[in-house]
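Written out below as structure tokens is the structure these notes cover.
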Amino acid sequence: MTEKTNPGLPAPFENTYFRERAIKAANRQKHGHILVSGSKPDNGQGLPLPYIHDVPGLRRGSYPYDYECEWGRFKYEYELGSYLFTPHNGQVPPDWERYDLQTPIQPVTALIDRARCLATVKTPDREIVLRDVPVGENPYNLLQQVNAALAQSCQPFVAWRLEWVSGEFDRLWPDGVPQIRNEHGSAYVTGYAHDDAGNLIYLGVVGHKTVLESIRATIHARQRRKLFLQGRPVYPLATHYSQTWQHLPDYGAYHATLIANPALPGK
């Protein structure tokens, strides 16, 4: 089967290990077992379960159990990278109330919208939207970040596949908003132009005033090898740059534009 993909978007990314582990965990849960993660949820590698070392009063257990607490005992399952919890009198630690321990974990696909930095997980009965997703990460790290966010919100899902979707508007910066930096700081770029040799023609930049002043000074000093845009050097021209400044009080920042005079009509 040949998969159709949008040539302007990355190909889908899969990690079948995440899928298989989620299915194995779900099979245990369907038989009434209570699982506890052996890895912290914020690293994106554990399952969306309570974390073993967050259990109050945790102590070493007697064979065949690895740990115990006042609510029950824990036995490690290497196949899952998790612990099976056997409760005393059907009780669990109070912090576990945030988790739906009776709902089997589901392997899911996350839809990535790079333009809006969103990841969306859809199931037959719910839709989860994760915001401020680091969409510029490589697919493996991005998958871990999505799973970390799902686990931290106690959602019973494990993303094992990423698909990129088109947003509602064209992606001006498909790999994230670029930054310009000098030796003193960096700021986000709203637009830029340079020639094939890397000579800077136009720059729009937003940030704190002191940072923008520093970048402007670097440009006006014609300092070469001191200015980097998206990790590559750009070179100020030996000419004057016209500039405009706009205060953005709602954001505590300024927007500045600098354009080389030869690029302006009549200059």
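FYI, nothing fancy with the structure tokens labels: chains A, B, ... in order, residues from 1 per chain, ligands from 1 as they appear.
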
- Contacts of A:Gln155 at 8 Å (only C-alpha atoms; same-chain gap of 4+ positions) as an NGL selection string: :A and (48 or 99 or 150-151)

Output for the residues just chosen: C-alpha atoms as an mmCIF file, in the first residue's frame:
data_model
loop_
_atom_site.group_PDB
_atom_site.id
_atom_site.type_symbol
_atom_site.label_atom_id
_atom_site.label_comp_id
_atom_site.auth_asym_id
_atom_site.auth_seq_id
_atom_site.Cartn_x
_atom_site.Cartn_y
_atom_site.Cartn_z
ATOM 1 C CA PRO A 48 0.624 7.875 31.166
ATOM 2 C CA TYR A 99 -5.888 9.122 36.653
ATOM 3 C CA LEU A 150 -0.379 13.619 27.421
ATOM 4 C CA ALA A 151 1.065 11.925 30.507
#

Quick one: which stretch 175-215 of chain A residues come within 12 Å of stretch 226-230 of chain A, and what is the nearest atom pair for each with the distance in Å to one decimal, counting only C-alpha atoms, rows ordered by chain and ascending number, as a tab-separated table?
residue	atom	partner	partner_atom	distance
A:Asp175	CA	A:Gln230	CA	10.3
A:Gly176	CA	A:Gln230	CA	10.1
A:Val177	CA	A:Gln230	CA	9.2
A:Pro178	CA	A:Gln230	CA	5.6
A:Gln179	CA	A:Gln230	CA	5.8
A:Ile180	CA	A:Leu229	CA	4.4
A:Arg181	CA	A:Phe228	CA	5.3
A:Asn182	CA	A:Leu227	CA	4.8
A:Glu183	CA	A:Lys226	CA	6.6
A:His184	CA	A:Lys226	CA	9.7
A:Gly185	CA	A:Leu227	CA	10.2
A:Ser186	CA	A:Phe228	CA	9.2
A:Ala187	CA	A:Leu229	CA	10.0
A:Tyr188	CA	A:Leu229	CA	9.8
A:Val189	CA	A:Leu229	CA	8.7
A:Thr190	CA	A:Leu229	CA	11.9
A:Gly191	CA	A:Leu229	CA	11.0
A:Tyr192	CA	A:Leu229	CA	9.2
A:Ala193	CA	A:Leu229	CA	10.6
A:His194	CA	A:Leu229	CA	10.3
A:Gly198	CA	A:Leu229	CA	9.7
A:Asn199	CA	A:Leu227	CA	10.8
A:Leu200	CA	A:Leu229	CA	9.8
A:Leu203	CA	A:Leu229	CA	10.1
A:Gly204	CA	A:Leu229	CA	11.8
A:Val205	CA	A:Leu229	CA	11.1
A:Ser214	CA	A:Leu227	CA	10.7
A:Ile215	CA	A:Leu227	CA	7.9

Output C-alpha atoms of each residue in that selection to a file, as a PDB file, in the first residue's frame.
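Once written, again-v3.pdb looks like this:
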ATOM      1  CA  ASP A 175      10.478  25.127  11.005  1.00  0.00           C
ATOM      2  CA  GLY A 176       9.642  27.690  13.668  1.00  0.00           C
ATOM      3  CA  VAL A 177      10.182  31.443  13.889  1.00  0.00           C
ATOM      4  CA  PRO A 178      13.807  32.269  12.991  1.00  0.00           C
ATOM      5  CA  GLN A 179      16.057  34.221  15.305  1.00  0.00           C
ATOM      6  CA  ILE A 180      18.879  36.644  14.705  1.00  0.00           C
ATOM      7  CA  ARG A 181      21.697  36.829  17.212  1.00  0.00           C
ATOM      8  CA  ASN A 182      24.920  38.598  17.940  1.00  0.00           C
ATOM      9  CA  GLU A 183      27.414  37.944  20.716  1.00  0.00           C
ATOM     10  CA  HIS A 184      25.175  39.636  23.298  1.00  0.00           C
ATOM     11  CA  GLY A 185      21.675  38.281  22.655  1.00  0.00           C
ATOM     12  CA  SER A 186      19.018  37.129  20.220  1.00  0.00           C
ATOM     13  CA  ALA A 187      15.577  38.216  19.029  1.00  0.00           C
ATOM     14  CA  TYR A 188      12.783  36.807  16.892  1.00  0.00           C
ATOM     15  CA  VAL A 189      12.638  37.816  13.239  1.00  0.00           C
ATOM     16  CA  THR A 190       9.410  38.993  11.582  1.00  0.00           C
ATOM     17  CA  GLY A 191      10.936  39.236   8.116  1.00  0.00           C
ATOM     18  CA  TYR A 192      14.288  39.458   6.372  1.00  0.00           C
ATOM     19  CA  ALA A 193      16.025  39.646   3.012  1.00  0.00           C
ATOM     20  CA  HIS A 194      19.627  39.061   2.009  1.00  0.00           C
ATOM     21  CA  GLY A 198      24.601  36.780   2.701  1.00  0.00           C
ATOM     22  CA  ASN A 199      24.593  40.591   2.659  1.00  0.00           C
ATOM     23  CA  LEU A 200      21.717  41.864   4.782  1.00  0.00           C
ATOM     24  CA  LEU A 203      15.462  42.951   8.733  1.00  0.00           C
ATOM     25  CA  GLY A 204      12.303  43.028  10.823  1.00  0.00           C
ATOM     26  CA  VAL A 205      12.843  41.993  14.420  1.00  0.00           C
ATOM     27  CA  SER A 214      22.548  45.769  20.422  1.00  0.00           C
ATOM     28  CA  ILE A 215      21.651  44.118  17.114  1.00  0.00           C
TER      29      ILE A 215
END

- Message: Need the shell around A:Arg222: protein/DNA/RNA residues with any atom at most 9 Å away, counting only C-alpha atoms. Skip same-chain ones fewer than 2 positions apart. Format as a PyMOL selection string?
- Response: chain A and resi 217-220+224+235-239

- Taking the chain letters and numbering used in this document, name the residues of stretch 131-162 of chain A that DSSP puts in helix (DSSP H, G or I), as an MDAnalysis selection string. chainID A and resid 139:152

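In this structure, atom CA of A:Asp113 sits 19.5 Å away from atom CA of A:Gly44.
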
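Across A:Leu264, A:Ala110, A:Leu49, A:Leu58, the tightest approach to A:Trp164 is made by A:Ala110 when counting only C-alpha atoms.
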
- Nearby residues (only C-alpha atoms) at most 7 Å from A:Val135, same-chain spacing under 6 positions excluded, as a ChimeraX atom specification: /A:114,117,142

Can you write out the residues you just picked, keeping C-alpha atoms, as a PDB file, in the first residue's frame?
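Just written: result_19.pdb:
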ATOM      1  CA  ARG A 114       3.414  23.402  12.499  1.00  0.00           C
ATOM      2  CA  CYS A 117       2.362  24.780  17.060  1.00  0.00           C
ATOM      3  CA  LEU A 142       8.630  15.635  19.051  1.00  0.00           C
TER       4      LEU A 142
END

- Message: From a backbone DSSP assignment, name each residue in stretch 27-241 of chain A labelled strand (DSSP E), as a ChimeraX atom specification.
- Response: /A:34-37,59-60,67-69,72-77,82-87,106-113,118-123,126-130,157-164,179-181,186-194,199-207,228-229,232-233,235-236,241

- Message: Could you list, as an MDAnalysis selection string, every residue within 12 Å of A:Arg126, counting only C-alpha atoms and ignoring same-chain residues fewer than 2 positions away?
- Response: chainID A and resid 108 120:124 128:129 155:157

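Of note, atom CA of A:Leu248 and atom CA of A:His208 are spaced 9.9 Å apart.
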
- Query: Which of these, A:Tyr202, A:Ala263, A:Thr86, A:Arg131, has the shortest distance to A:Thr244 once you count only C-alpha atoms?
  - Reply: A:Tyr202

Spatial neighbours of A:Leu47, max dist 10 Å, only C-alpha atoms, sep filter under 5 positions, as a CSV table (one decimal) with C-alpha atoms, in the first residue's frame:
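To be explicit, this is the file written out as result20.csv:
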chain,number,residue,atom,x,y,z
A,18,PHE,CA,5.5,2.8,21.7
A,21,ARG,CA,4.0,-1.3,24.7
A,22,ALA,CA,0.7,0.6,24.9
A,25,ALA,CA,-0.3,-2.3,29.0
A,35,LEU,CA,-0.2,-0.3,36.4
A,36,VAL,CA,2.3,2.3,37.7
A,37,SER,CA,5.0,3.8,35.6
A,38,GLY,CA,8.7,3.2,36.2
A,39,SER,CA,9.7,6.4,34.3
A,40,LYS,CA,8.8,10.0,35.0
A,41,PRO,CA,6.0,11.2,32.8
A,80,LEU,CA,6.1,-3.1,30.2
A,81,GLY,CA,8.7,-1.0,32.0
A,82,SER,CA,6.0,-0.6,34.7
A,105,ILE,CA,-4.3,3.0,27.4
A,147,ASN,CA,3.7,11.9,25.0
A,148,ALA,CA,5.1,13.9,27.9
A,150,LEU,CA,-0.4,13.6,27.4
A,151,ALA,CA,1.1,11.9,30.5
A,154,CYS,CA,-3.2,12.2,32.9
A,155,GLN,CA,-4.7,11.3,29.5
A,156,PRO,CA,-4.8,7.5,28.8
A,157,PHE,CA,-3.1,7.8,25.4
A,158,VAL,CA,0.3,7.0,23.9

- Message: Give me the residues near A:Asn89 as a VMD selection string, where near means some atom within 12 Å (using only C-alpha atoms) and where sequence neighbours in that chain fewer than 6 positions away do not count.
- Response: chain A and resid 70 to 73

Now that the selection is made, can you save its residues with C-alpha atoms as a JSON list (two decimals), in the first residue's frame?
[["chain", "number", "residue", "atom", "x", "y", "z"],
["A", 70, "GLU", "CA", 0.57, 1.63, 53.12],
["A", 71, "TRP", "CA", -1.89, 1.15, 50.22],
["A", 72, "GLY", "CA", -0.33, -1.95, 48.64],
["A", 73, "ARG", "CA", 2.64, -3.61, 46.94]]

- One decimal, Å: what's the distance from atom CA of A:Tyr254 over to atom CA of A:Lys209, could you say? 5.9 Å

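Shortest separation to A:Thr16 among A:Gln145, A:Gln246, A:Asn43, A:Thr109 occurs at residue A:Thr109, atoms counted being only C-alpha atoms.
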
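Considering the residues A:Pro134, A:Gly32, A:Gly46, A:Thr210 and counting only C-alpha atoms, A:Ala119 has its shortest atom-to-atom contact with A:Pro134.
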